[in-house]
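For reference, data_11.txt (compact mmCIF, C-alpha atoms):
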```txt
# COMPACT_ATOMS: atom_id res chain seq x y z
CA MET A 111 15.64 11.89 11.42
CA LYS A 112 12.88 10.66 13.65
CA LYS A 113 11.56 7.36 12.35
CA TYR A 114 8.02 6.09 11.98
CA LEU A 115 9.11 3.25 14.28
CA LEU A 116 9.67 5.83 17.01
CA PHE A 117 6.39 7.51 16.20
CA LEU A 118 4.64 4.14 16.74
CA THR A 119 5.80 3.97 20.35
CA THR A 120 4.33 7.44 20.93
CA ILE A 121 0.84 6.58 19.63
CA PHE A 122 0.20 2.93 20.37
CA VAL A 123 2.28 2.10 23.45
CA THR A 124 -0.05 2.49 26.45
CA PHE A 125 0.83 1.86 30.06
CA VAL A 126 -2.31 1.74 32.17
CA ALA A 127 -1.33 2.61 35.70
CA PHE A 128 -1.88 5.16 38.43
CA GLY A 129 0.26 5.30 41.51
CA GLN A 130 1.11 1.68 42.18
CA ILE A 131 -1.44 0.17 39.78
CA THR A 132 0.07 -2.60 37.68
CA VAL A 133 -0.06 -2.66 33.90
CA THR A 134 -1.35 -5.87 32.32
CA ASN A 135 -1.62 -7.06 28.74
CA THR A 136 -5.30 -6.08 28.64
CA VAL A 137 -4.16 -2.67 27.39
CA PHE A 138 -2.77 -4.06 24.13
CA PRO A 139 -4.47 -2.74 20.97
CA GLN A 140 -7.01 -5.10 19.48
CA VAL A 141 -8.56 -5.45 16.05
CA GLY A 142 -11.42 -2.98 15.73
CA ASP A 143 -9.97 -0.33 18.07
CA VAL A 144 -10.23 3.19 16.63
CA TYR A 145 -8.06 6.06 17.92
CA TYR A 146 -8.78 9.75 17.33
CA THR A 147 -5.88 12.16 17.77
CA SER A 148 -4.72 15.61 16.73
CA ASN A 149 -1.33 17.31 16.89
CA GLU A 150 0.37 20.67 17.23
CA GLY A 151 3.74 21.90 16.03
CA PRO A 152 6.46 23.56 18.14
CA ASN A 153 4.96 25.26 21.17
CA THR A 154 6.58 26.70 24.29
CA SER A 155 3.50 26.58 26.52
CA VAL A 156 3.94 22.95 27.61
CA MET A 157 6.47 22.66 30.42
CA ILE A 158 7.95 19.26 31.32
CA THR A 159 8.13 19.00 35.11
CA ALA A 160 10.71 17.06 37.11
CA ALA A 161 10.09 13.38 37.79
CA GLY A 162 8.04 12.42 40.83
CA PRO A 163 4.65 11.27 42.15
CA ASN A 164 1.32 13.03 42.68
CA GLN A 165 1.68 15.79 40.09
CA THR A 166 -0.88 18.01 38.36
CA TRP A 167 -0.52 18.89 34.68
CA ILE A 168 -2.91 21.33 32.98
CA TYR A 169 -2.46 21.35 29.19
CA ASP A 170 -5.91 22.46 28.10
CA GLN A 171 -4.86 25.14 25.62
CA PHE A 172 -5.04 22.95 22.52
CA GLN A 173 -8.22 23.14 20.41
CA PRO A 174 -8.11 20.64 17.51
CA ASN A 175 -9.11 21.81 14.04
CA PHE A 176 -8.57 18.39 12.47
CA VAL A 177 -8.61 14.76 13.56
CA ASP A 178 -6.42 11.82 12.57
CA THR A 179 -8.28 8.51 12.68
CA SER A 180 -6.30 5.31 13.23
CA GLU A 181 -7.98 1.90 13.12
CA ILE A 182 -6.40 -1.36 14.23
CA LEU A 183 -6.83 -4.00 11.51
CA THR A 184 -5.92 -7.66 11.18
CA ALA A 185 -2.37 -8.22 9.93
CA SER A 186 -3.67 -10.10 6.89
CA GLN A 187 -5.28 -6.85 5.65
CA GLY A 188 -1.88 -5.23 5.26
CA THR A 189 0.02 -4.75 2.01
CA VAL A 190 2.55 -7.47 2.90
CA GLY A 191 0.49 -9.35 5.48
CA ALA A 192 1.36 -12.71 3.90
CA ASP A 193 5.01 -12.12 4.85
CA TYR A 194 4.12 -11.96 8.55
CA PRO A 195 1.94 -15.01 9.29
CA THR A 196 2.60 -14.75 13.04
CA ALA A 197 1.41 -11.13 13.27
CA ASP A 198 -1.93 -10.51 14.98
CA ILE A 199 -2.61 -6.86 14.17
CA LEU A 200 -1.79 -4.12 11.70
CA LEU A 201 -0.79 -0.79 13.23
CA PRO A 202 -1.06 2.40 11.11
CA LEU A 203 2.18 4.36 11.33
CA GLY A 204 1.17 7.46 9.41
CA GLY A 205 0.60 7.86 5.66
CA PRO A 206 1.13 4.57 3.81
CA ASN A 207 3.31 3.08 6.54
CA GLU A 208 2.21 -0.10 8.31
CA GLY A 209 3.42 -1.97 11.39
CA TYR A 210 2.97 -5.73 11.85
CA ALA A 211 2.72 -6.71 15.51
CA LYS A 212 1.81 -9.70 17.64
CA ASN A 213 0.70 -10.32 21.19
CA SER A 214 3.46 -12.38 22.79
CA GLY A 215 1.76 -12.92 26.13
CA ASN A 216 3.02 -10.05 28.28
CA GLN A 217 4.66 -8.20 25.39
CA LEU A 218 3.42 -6.36 22.32
CA GLU A 219 6.04 -7.13 19.69
CA LEU A 220 6.63 -5.30 16.41
CA ILE A 221 8.07 -7.79 13.93
CA GLY A 222 8.13 -5.79 10.71
CA VAL A 223 7.16 -2.59 8.94
CA TYR A 224 6.13 -1.61 5.44
CA GLY A 225 6.39 1.85 3.93
CA GLY A 226 8.72 4.58 2.76
CA ILE A 227 12.10 5.43 4.26
CA GLY A 228 12.02 9.21 3.99
CA PHE A 229 12.97 9.73 0.32
CA GLY A 230 9.54 9.41 -1.31
CA GLY A 231 9.04 6.67 -3.88
CA GLY A 232 7.56 3.23 -3.29
CA GLY A 233 7.30 1.08 -0.20
CA PHE A 234 9.67 -1.39 1.41
CA ASN A 235 9.07 -4.50 3.46
CA VAL A 236 11.46 -4.31 6.42
CA PRO A 237 11.55 -7.22 8.91
CA LEU A 238 13.05 -6.31 12.29
CA SER A 239 15.78 -8.49 13.75
CA PRO A 240 15.75 -8.37 16.68
CA THR A 241 12.14 -7.31 16.85
CA SER A 242 10.97 -4.31 18.85
CA ILE A 243 9.02 -4.72 22.10
CA LEU A 244 6.53 -1.87 22.06
CA LEU A 245 5.01 -2.69 25.43
CA ASN A 246 6.33 -4.89 28.21
CA THR A 247 4.03 -5.91 31.07
CA PRO A 248 3.49 -6.02 34.00
CA MET A 249 4.67 -2.48 34.76
CA THR A 250 4.19 -0.06 37.64
CA TYR A 251 5.32 3.44 38.63
CA SER A 252 9.15 3.61 38.62
CA SER A 253 9.44 0.60 36.31
CA THR A 254 11.96 0.72 33.46
CA PHE A 255 12.36 -1.29 30.28
CA GLN A 256 15.07 -1.39 27.61
CA ASP A 257 14.57 -2.43 23.99
CA GLN A 258 16.82 -2.80 20.96
CA ASN A 259 15.73 -3.43 17.37
CA SER A 260 17.48 -3.46 13.99
CA SER A 261 16.43 -3.21 10.36
CA PHE A 262 18.11 -3.56 6.99
CA VAL A 263 16.88 -2.62 3.51
CA SER A 264 18.57 -2.15 0.12
CA PHE A 265 17.10 -0.43 -2.94
CA ASP A 266 17.79 1.13 -6.33
CA PRO A 267 18.18 4.93 -6.02
CA GLN A 268 16.58 5.38 -9.45
CA ASP A 269 13.29 4.38 -7.82
CA PHE A 270 13.62 7.54 -5.71
CA PRO A 271 14.24 10.52 -8.04
CA PRO A 272 14.84 13.02 -5.17
CA LEU A 273 17.47 10.69 -3.69
CA GLN A 274 19.07 10.08 -7.08
CA ALA A 275 19.31 13.83 -7.61
CA LEU A 276 20.87 14.23 -4.16
CA LEU A 277 23.51 11.59 -4.91
CA ASP A 278 24.27 13.18 -8.26
CA SER A 279 24.91 16.50 -6.50
CA LEU A 280 27.10 15.01 -3.75
CA LEU A 281 29.19 12.37 -5.51
CA PRO A 282 31.87 12.93 -8.16
CA PRO A 283 30.55 12.59 -11.74
CA PHE A 284 32.63 9.45 -12.37
CA VAL A 285 30.92 7.54 -9.54
CA THR A 286 27.99 5.31 -10.50
CA VAL A 287 25.74 4.01 -7.74
CA ASP A 288 24.10 0.62 -8.39
CA SER A 289 22.16 0.42 -5.14
CA ILE A 290 21.90 1.77 -1.62
CA ARG A 291 21.45 -0.01 1.68
CA ASN A 292 20.10 1.41 4.90
CA ILE A 293 21.19 -0.26 8.16
CA GLN A 294 19.54 0.98 11.33
CA THR A 295 19.70 0.06 15.02
CA THR A 296 17.60 1.69 17.73
CA ASP A 297 18.09 1.45 21.49
CA ARG A 298 15.16 2.65 23.60
CA THR A 299 14.76 3.09 27.36
CA ASP A 300 11.28 3.57 28.85
CA GLU A 301 10.89 4.84 32.41
CA VAL A 302 7.65 5.52 34.25
CA ASP A 303 8.99 8.62 35.97
CA ALA A 304 5.87 10.38 37.27
CA TRP A 305 2.16 10.03 37.98
CA GLY A 306 -0.68 12.43 38.70
CA THR A 307 -3.63 14.07 36.95
CA LEU A 308 -3.62 15.53 33.44
CA THR A 309 -6.20 18.05 32.25
CA THR A 310 -6.63 18.58 28.51
CA ASN A 311 -9.40 20.11 26.45
CA HIS A 312 -10.82 16.56 26.39
CA GLY A 313 -11.12 16.19 30.18
CA THR A 314 -9.16 15.30 33.33
CA PHE A 315 -7.44 11.93 33.64
CA ASP A 316 -5.40 9.97 36.16
CA VAL A 317 -2.17 9.25 34.28
CA LEU A 318 1.31 7.86 34.39
CA ARG A 319 4.04 9.79 32.58
CA VAL A 320 6.36 7.53 30.57
CA LYS A 321 9.72 9.00 29.62
CA LYS A 322 11.07 7.45 26.39
CA TYR A 323 14.62 8.01 25.27
CA SER A 324 15.87 6.49 22.01
CA ILE A 325 19.24 6.42 20.28
CA THR A 326 19.22 5.46 16.60
CA ASP A 327 22.35 4.66 14.61
CA ARG A 328 21.67 4.85 10.88
CA ASN A 329 24.30 3.85 8.33
CA ILE A 330 23.80 4.43 4.62
CA GLU A 331 26.14 2.74 2.15
CA VAL A 332 26.31 2.84 -1.64
CA LYS A 333 27.31 0.01 -3.98
CA ILE A 334 29.88 1.10 -6.56
CA PRO A 335 30.94 -1.12 -9.49
CA VAL A 336 34.27 -2.84 -8.75
CA LEU A 337 34.51 -1.25 -5.28
CA GLY A 338 31.40 -2.88 -3.82
CA TRP A 339 29.71 -1.39 -0.74
CA VAL A 340 31.34 1.81 0.52
CA ASP A 341 30.52 4.72 2.80
CA PRO A 342 29.62 7.82 0.69
CA ALA A 343 32.01 9.77 2.93
CA THR A 344 34.79 8.00 1.03
CA PHE A 345 34.04 10.46 -1.77
CA GLY A 346 33.44 13.38 0.57
CA ALA A 347 29.64 13.02 0.46
CA GLN A 348 27.54 13.26 3.60
CA ILE A 349 24.08 11.72 3.17
CA PRO A 350 21.42 13.51 5.24
CA PHE A 351 19.91 11.59 8.17
CA ALA A 352 22.88 9.20 8.49
CA GLY A 353 24.66 8.81 11.82
CA LEU A 354 23.44 8.96 15.39
CA ASP A 355 20.09 10.49 16.24
CA THR A 356 18.27 10.79 19.56
CA THR A 357 14.65 11.35 20.54
CA LEU A 358 13.02 12.17 23.85
CA ALA A 359 9.28 11.83 24.35
CA TYR A 360 6.87 11.87 27.26
CA ASP A 361 3.62 9.91 27.10
CA PHE A 362 0.78 10.67 29.51
CA VAL A 363 -1.25 7.47 29.70
CA SER A 364 -4.47 6.60 31.42
CA ALA A 365 -5.97 3.44 32.92
CA THR A 366 -9.11 3.95 30.84
CA GLU A 367 -7.66 4.64 27.38
CA LYS A 368 -5.42 2.54 25.13
CA VAL A 369 -4.09 5.52 23.23
CA ALA A 370 -1.96 8.07 25.10
CA ILE A 371 -3.97 11.04 26.36
CA MET A 372 -1.05 13.24 25.31
CA SER A 373 2.43 12.66 23.87
CA VAL A 374 5.08 15.38 23.94
CA ASN A 375 8.25 15.23 21.83
CA VAL A 376 11.14 17.27 23.19
CA ASP A 377 14.60 18.18 21.91
CA ASP A 378 16.78 16.17 24.29
CA ILE A 379 19.60 18.76 24.17
CA THR A 380 17.79 22.10 24.42
CA GLY A 381 14.55 20.94 26.03
CA THR A 382 12.59 22.71 23.28
CA LEU A 383 9.15 21.28 22.64
CA LEU A 384 8.95 19.86 19.12
CA SER A 385 5.39 18.58 18.87
CA VAL A 386 2.34 17.55 20.87
CA ARG A 387 -0.09 14.78 19.95
CA TYR A 388 -3.25 14.37 21.98
CA LYS A 389 -6.43 12.31 22.14
CA VAL A 390 -9.58 14.02 20.87
CA ASP A 391 -13.24 13.35 20.39
CA PRO A 392 -14.28 13.93 16.74
CA SER A 393 -17.13 16.13 18.00
CA GLU A 394 -14.58 18.51 19.53
CA VAL A 395 -12.95 19.43 16.20
CA VAL A 396 -13.44 23.08 15.32
CA ALA A 397 -13.69 23.89 11.61
CA THR A 398 -11.53 26.79 10.47
CA GLY A 399 -11.39 28.85 7.31
CA VAL A 400 -8.60 28.36 4.80
CA GLU A 401 -6.87 31.52 5.88
CA ASP A 402 -7.09 31.42 9.71
CA GLU A 403 -7.16 35.20 9.80
CA ILE A 404 -6.33 37.06 12.99
CA ASP A 405 -7.51 40.52 14.02
CA ASN A 406 -5.01 42.45 11.91
CA GLY A 407 -5.85 40.49 8.76
CA SER A 408 -2.61 38.45 8.71
CA TYR A 409 -2.66 34.85 7.52
CA ILE A 410 -0.76 32.11 5.69
CA ASN A 411 -2.23 29.58 3.30
CA ALA A 412 -0.48 26.81 1.36
CA TYR A 413 -1.77 25.52 -1.96
CA PRO A 414 -2.25 23.06 -3.43
CA ASN A 415 -3.14 21.17 -0.26
CA PRO A 416 -2.93 18.17 -0.59
CA ALA A 417 0.35 18.73 -2.44
CA ILE A 418 2.70 16.55 -4.49
CA ASN A 419 6.07 18.14 -5.25
CA ALA A 420 5.84 21.82 -4.29
CA ILE A 421 3.62 24.27 -2.46
CA ASP A 422 3.03 27.99 -2.88
CA ILE A 423 2.56 29.66 0.50
CA GLU A 424 0.54 32.85 0.44
CA ILE A 425 1.71 35.12 3.25
CA VAL A 426 0.06 38.30 4.48
CA LEU A 427 1.69 39.87 7.55
CA GLU A 428 1.33 43.28 9.11
CA LYS A 429 5.07 43.92 9.45
CA ALA A 430 7.60 43.61 6.61
CA GLY A 431 10.79 41.65 7.24
CA ASN A 432 12.48 38.27 7.07
CA TYR A 433 10.38 35.29 8.17
CA THR A 434 11.15 31.58 8.39
CA ILE A 435 8.90 28.93 6.87
CA ASP A 436 9.29 25.43 8.34
CA VAL A 437 7.68 22.09 7.53
CA TYR A 438 7.56 19.43 10.26
CA ASN A 439 6.55 15.77 10.15
CA ILE A 440 4.14 14.30 12.69
CA LEU A 441 7.03 13.71 15.08
CA GLY A 442 7.87 17.40 15.09
CA ILE A 443 11.07 16.86 13.10
CA LYS A 444 11.89 19.64 10.65
CA GLN A 445 11.74 18.41 7.03
CA ALA A 446 12.10 21.66 5.08
CA SER A 447 12.91 25.29 5.84
CA LYS A 448 13.18 28.57 3.98
CA ILE A 449 13.75 32.23 4.86
CA GLU A 450 11.46 34.63 2.95
CA TYR A 451 11.34 38.41 2.91
CA VAL A 452 7.69 39.40 3.29
CA ASN A 453 6.35 42.80 2.36
CA GLY A 454 2.60 42.92 1.87
CA ARG A 455 1.09 39.91 0.13
CA THR A 456 3.95 37.50 -0.70
CA ILE A 457 3.96 34.12 -2.46
CA SER A 458 6.78 31.78 -1.46
CA ARG A 459 7.39 28.49 -3.28
CA LEU A 460 8.76 25.55 -1.27
CA ASP A 461 10.06 22.28 -2.72
CA ILE A 462 8.60 19.24 -0.91
CA SER A 463 9.43 16.57 -3.50
CA HIS A 464 11.63 14.77 -0.96
CA LEU A 465 8.76 14.26 1.50
CA SER A 466 6.98 10.93 1.81
CA LYS A 467 3.21 10.69 1.53
CA GLY A 468 1.51 11.67 4.78
CA ASN A 469 0.50 14.51 7.07
CA TYR A 470 2.75 17.43 8.02
CA LEU A 471 2.61 20.82 9.72
CA TYR A 472 3.93 24.05 8.25
CA SER A 473 4.62 27.19 10.26
CA ILE A 474 5.96 30.71 9.87
CA SER A 475 8.01 32.50 12.51
CA ASN A 476 9.53 35.97 12.83
CA ASP A 477 13.20 36.85 13.30
CA GLN A 478 12.80 36.51 17.10
CA GLY A 479 11.78 32.88 16.65
CA GLU A 480 8.14 33.51 17.58
CA ILE A 481 5.80 31.17 15.69
CA LEU A 482 2.94 33.18 14.20
CA PHE A 483 0.96 30.45 12.46
CA THR A 484 0.97 26.66 12.32
CA LYS A 485 -1.24 24.81 9.85
CA ARG A 486 -1.67 21.33 8.45
CA LEU A 487 -0.30 20.06 5.13
CA ALA A 488 -1.07 16.78 3.39
CA VAL A 489 1.40 15.28 0.90
CA ILE A 490 0.20 12.75 -1.66
CA ARG A 491 1.92 10.75 -4.35
CA PRO A 492 0.45 9.76 -7.76
```
Please re-express this file's structure in structure tokens.
Amino acid sequence: MKKYLLFLTTIFVTFVAFGQITVTNTVFPQVGDVYYTSNEGPNTSVMITAAGPNQTWIYDQFQPNFVDTSEILTASQGTVGADYPTADILLPLGGPNEGYAKNSGNQLELIGVYGGIGFGGGGFNVPLSPTSILLNTPMTYSSTFQDQNSSFVSFDPQDFPPLQALLDSLLPPFVTVDSIRNIQTTDRTDEVDAWGTLTTNHGTFDVLRVKKYSITDRNIEVKIPVLGWVDPATFGAQIPFAGLDTTLAYDFVSATEKVAIMSVNVDDITGTLLSVRYKVDPSEVVATGVEDEIDNGSYINAYPNPAINAIDIEIVLEKAGNYTIDVYNILGIKQASKIEYVNGRTISRLDISHLSKGNYLYSISNDQGEILFTKRLAVIRP
């Protein structure tokens, strides 16, 4: 499971350099900065080139139909700002999630986060120890940097009904879980592996490409009366999202912008593109109808949107057959999937009660794996 901590490095870590230009701490986000971005789901039209200097990338095929606005606030404005008196700024991490960071001279340091942990429910205050260095300066082309951070949080599963239901289905009926703890360590390596010019629908920029590779080890333990803390595997249960997880992302960053011009998340094993996030101007957003019809009258539409626990997806496709519905988070990580036989107008219900509050993408693809539609979904919680 790709974490909001990893998503933070994609959006707010900016290395301003071109060729041999040196990065300085003047690129750090400051209170009052506002970033406008949009994103796309899986797409095969972006090719990641080999490392090297003086390259030309043309990724101008993306036309935003929505904009995400992120504003940098003072740390004291955050939900748990009083717990981080040394923090300078509050970084939005998507949905209700918040990051507390400070300027440590030549480093931008994330010292804690607040928000959900992927099971819905309320928020958690999670200090990082060691903290995470989001940006280390000075930096030039071919520079590398390694970072390690850890977090720990425990909670009552009854506060997360979807998680409680999952445990009930996985564990033997005689096992009672008092609490759960989540222990997570992330190792990240950043390498400025290429530079050149990047053309998007927003313009042409001189950029550095920053390759980011992360390995996250997530351990989930349950507390059982008498036995204490144990691995659920002791009872034959495998909790989703536990274990090792890797992410690979490429940021294209400019000397004139604090937010990445484009960020591409890639499957590190297959090389498949998972998602693209890119800088936009709000005036560039193109309004679309609710159905996004194409020439043959085909469309998909999810309702309600925003949604809470479930969505009904109306599907009209020209050809009958089996189709796959997928829901992705803003990192391009699949959160839900379902195969539906479509013949004429079809309504498919999808359970999303396990999703945290925030923005997602849903898509439908045919049995050859070709994605026919990708649209935006908002999840809210009462």
Original post:
What separation in Å, quoted to one decimal, exists between CA of Leu218 in chain A and CA of Thr247 in chain A?
Top reply: 8.8 Å
Subject >> Closest of A:Ala304, A:Glu450, A:Tyr169, A:Met249 to Met157 in chain A - atom-to-atom distances counting all atoms listed in the file >> reply: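 For Met157 in chain A, the nearest of the candidates is A:Tyr169.
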**OP:** Could you give me, as an MDAnalysis selection string, the residues within 7 Å of Asp341 in chain A, counting all atoms listed in the file and dropping anything in the same chain fewer than 4 positions from it?
**Re:** chainID A and resid 330:332
**OP:** Identify, on the basis of all atoms listed in the file, every residue whose closest approach to Tyr146 in chain A does not exceed 6 Å; exclude the query and any residue fewer than 3 positions from it along the same chain; express the result as a list in words.
**Re:**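 Answer for this query is Asp178, Thr179, Lys389 and Val390 of chain A.
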**OP:** Name the residues in contact with range 425-438 of chain A at a cut-off of 9 Å, using all atoms listed in the file, excluding same-chain residues fewer than 6 positions from it; report them as JSON, numbers by chain.
**Re:** {"A": [151, 152, 384, 385, 406, 407, 408, 409, 410, 411, 412, 444, 445, 446, 447, 448, 449, 450, 451, 452, 453, 454, 455, 456, 457, 458, 460, 462, 470, 471, 472, 473, 474, 475, 476, 477, 479, 487]}
Produce a file of the selected residues containing C-alpha atoms, as a compact mmCIF listing (two decimals), in the frame of the given file.
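Produced file result21.txt, reproduced below:
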```txt
# COMPACT_ATOMS: atom_id res chain seq x y z
CA GLY A 151 3.74 21.90 16.03
CA PRO A 152 6.46 23.56 18.14
CA LEU A 384 8.95 19.86 19.12
CA SER A 385 5.39 18.58 18.87
CA ASN A 406 -5.01 42.45 11.91
CA GLY A 407 -5.85 40.49 8.76
CA SER A 408 -2.61 38.45 8.71
CA TYR A 409 -2.66 34.85 7.52
CA ILE A 410 -0.76 32.11 5.69
CA ASN A 411 -2.23 29.58 3.30
CA ALA A 412 -0.48 26.81 1.36
CA LYS A 444 11.89 19.64 10.65
CA GLN A 445 11.74 18.41 7.03
CA ALA A 446 12.10 21.66 5.08
CA SER A 447 12.91 25.29 5.84
CA LYS A 448 13.18 28.57 3.98
CA ILE A 449 13.75 32.23 4.86
CA GLU A 450 11.46 34.63 2.95
CA TYR A 451 11.34 38.41 2.91
CA VAL A 452 7.69 39.40 3.29
CA ASN A 453 6.35 42.80 2.36
CA GLY A 454 2.60 42.92 1.87
CA ARG A 455 1.09 39.91 0.13
CA THR A 456 3.95 37.50 -0.70
CA ILE A 457 3.96 34.12 -2.46
CA SER A 458 6.78 31.78 -1.46
CA LEU A 460 8.76 25.55 -1.27
CA ILE A 462 8.60 19.24 -0.91
CA TYR A 470 2.75 17.43 8.02
CA LEU A 471 2.61 20.82 9.72
CA TYR A 472 3.93 24.05 8.25
CA SER A 473 4.62 27.19 10.26
CA ILE A 474 5.96 30.71 9.87
CA SER A 475 8.01 32.50 12.51
CA ASN A 476 9.53 35.97 12.83
CA ASP A 477 13.20 36.85 13.30
CA GLY A 479 11.78 32.88 16.65
CA LEU A 487 -0.30 20.06 5.13
```
Subject >> Minimum-distance residue to Asn135 in chain A, chosen among A:Val369, A:Leu245, A:Val177, A:Leu220 (using only C-alpha atoms) >> reply: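 Checking each of A:Val369, A:Leu245, A:Val177, A:Leu220 against Asn135 in chain A, counting only C-alpha atoms, the winner is A:Leu245.
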Original post:
For the atom pair CA of Ser253 in chain A and CA of Asp377 in chain A, what is the interatomic distance in Å to one decimal place?
Top reply: 23.3 Å
**OP:** Could you please give me, as a ChimeraX atom specification, the residues of protein, DNA or RNA lying at most 7 Å from (0.3, 9.5, 33.2) in the coordinate frame of the file, considering only C-alpha atoms?
**Re:** /A:304-306,316-320,361-364
How would the residues just picked look written out with C-alpha atoms as a PDB file, keeping the file's coordinate frame?
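Printed below is again38.pdb as written:
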```pdb
ATOM      1  CA  ALA A 304       5.870  10.380  37.270  1.00  0.00           C
ATOM      2  CA  TRP A 305       2.160  10.030  37.980  1.00  0.00           C
ATOM      3  CA  GLY A 306      -0.680  12.430  38.700  1.00  0.00           C
ATOM      4  CA  ASP A 316      -5.400   9.970  36.160  1.00  0.00           C
ATOM      5  CA  VAL A 317      -2.170   9.250  34.280  1.00  0.00           C
ATOM      6  CA  LEU A 318       1.310   7.860  34.390  1.00  0.00           C
ATOM      7  CA  ARG A 319       4.040   9.790  32.580  1.00  0.00           C
ATOM      8  CA  VAL A 320       6.360   7.530  30.570  1.00  0.00           C
ATOM      9  CA  ASP A 361       3.620   9.910  27.100  1.00  0.00           C
ATOM     10  CA  PHE A 362       0.780  10.670  29.510  1.00  0.00           C
ATOM     11  CA  VAL A 363      -1.250   7.470  29.700  1.00  0.00           C
ATOM     12  CA  SER A 364      -4.470   6.600  31.420  1.00  0.00           C
TER      13      SER A 364
END
```
Subject >> Given only C-alpha atoms as the counted atoms, nearest of A:Ser393, A:Ser466, A:Gln268, A:Ser214 to Val287 in chain A >> reply: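 Checking each candidate against Val287 in chain A, we get A:Gln268 as the closest.
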**OP:** Point out the residue among A:Gln478, A:Thr307, A:Asn415, A:Thr382 with the least atom-to-atom distance to Ile158 in chain A, counting all atoms listed in the file.
**Re:**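 Closest to Ile158 in chain A, using all atoms listed in the file: A:Thr382.
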Original post:
Hey, which of A:Leu354, A:Ala197, A:Met372, A:Leu203 ends up closest to Val156 in chain A? Count only C-alpha atoms.
Top reply: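 Among the listed residues, the smallest separation from Val156 in chain A belongs to A:Met372.
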Original post:
With all atoms listed in the file as the atoms that count, which of A:Gly215, A:Gly142, A:Asn164, A:Gln258 lies nearest to Leu201 in chain A?
Top reply: A:Gly142
Subject >> Between CA of Pro174 in chain A and CA of Val386 in chain A, distance in Å (one decimal) >> reply: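 Those two atoms sit 11.4 Å apart.
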Is there a way to complete range 368-381 of chain A with N, CA and C atoms and then write that out as a CSV table (one decimal), in the frame of the given file?
```
chain,number,residue,atom,x,y,z
A,368,LYS,N,-6.6,3.3,25.7
A,368,LYS,CA,-5.4,2.5,25.1
A,368,LYS,C,-4.4,3.5,24.4
A,369,VAL,N,-5.0,4.5,23.9
A,369,VAL,CA,-4.1,5.5,23.2
A,369,VAL,C,-3.7,6.6,24.3
A,370,ALA,N,-2.4,7.1,24.2
A,370,ALA,CA,-2.0,8.1,25.1
A,370,ALA,C,-2.9,9.3,25.1
A,371,ILE,N,-3.2,9.8,26.3
A,371,ILE,CA,-4.0,11.0,26.4
A,371,ILE,C,-3.2,12.2,25.7
A,372,MET,N,-1.9,12.2,25.9
A,372,MET,CA,-1.0,13.2,25.3
A,372,MET,C,0.4,12.7,25.2
A,373,SER,N,1.0,13.0,24.1
A,373,SER,CA,2.4,12.7,23.9
A,373,SER,C,3.2,13.9,23.5
A,374,VAL,N,4.3,14.2,24.2
A,374,VAL,CA,5.1,15.4,23.9
A,374,VAL,C,6.5,15.0,23.5
A,375,ASN,N,6.9,15.5,22.3
A,375,ASN,CA,8.2,15.2,21.8
A,375,ASN,C,9.1,16.5,22.1
A,376,VAL,N,10.3,16.2,22.7
A,376,VAL,CA,11.1,17.3,23.2
A,376,VAL,C,12.5,17.1,22.6
A,377,ASP,N,13.2,18.2,22.3
A,377,ASP,CA,14.6,18.2,21.9
A,377,ASP,C,15.4,17.8,23.1
A,378,ASP,N,16.1,16.7,23.1
A,378,ASP,CA,16.8,16.2,24.3
A,378,ASP,C,18.0,17.0,24.7
A,379,ILE,N,18.4,17.9,23.8
A,379,ILE,CA,19.6,18.8,24.2
A,379,ILE,C,19.1,20.1,24.7
A,380,THR,N,18.2,20.8,24.0
A,380,THR,CA,17.8,22.1,24.4
A,380,THR,C,16.5,22.1,25.3
A,381,GLY,N,15.8,21.0,25.3
A,381,GLY,CA,14.6,20.9,26.0
A,381,GLY,C,13.4,21.6,25.3
```
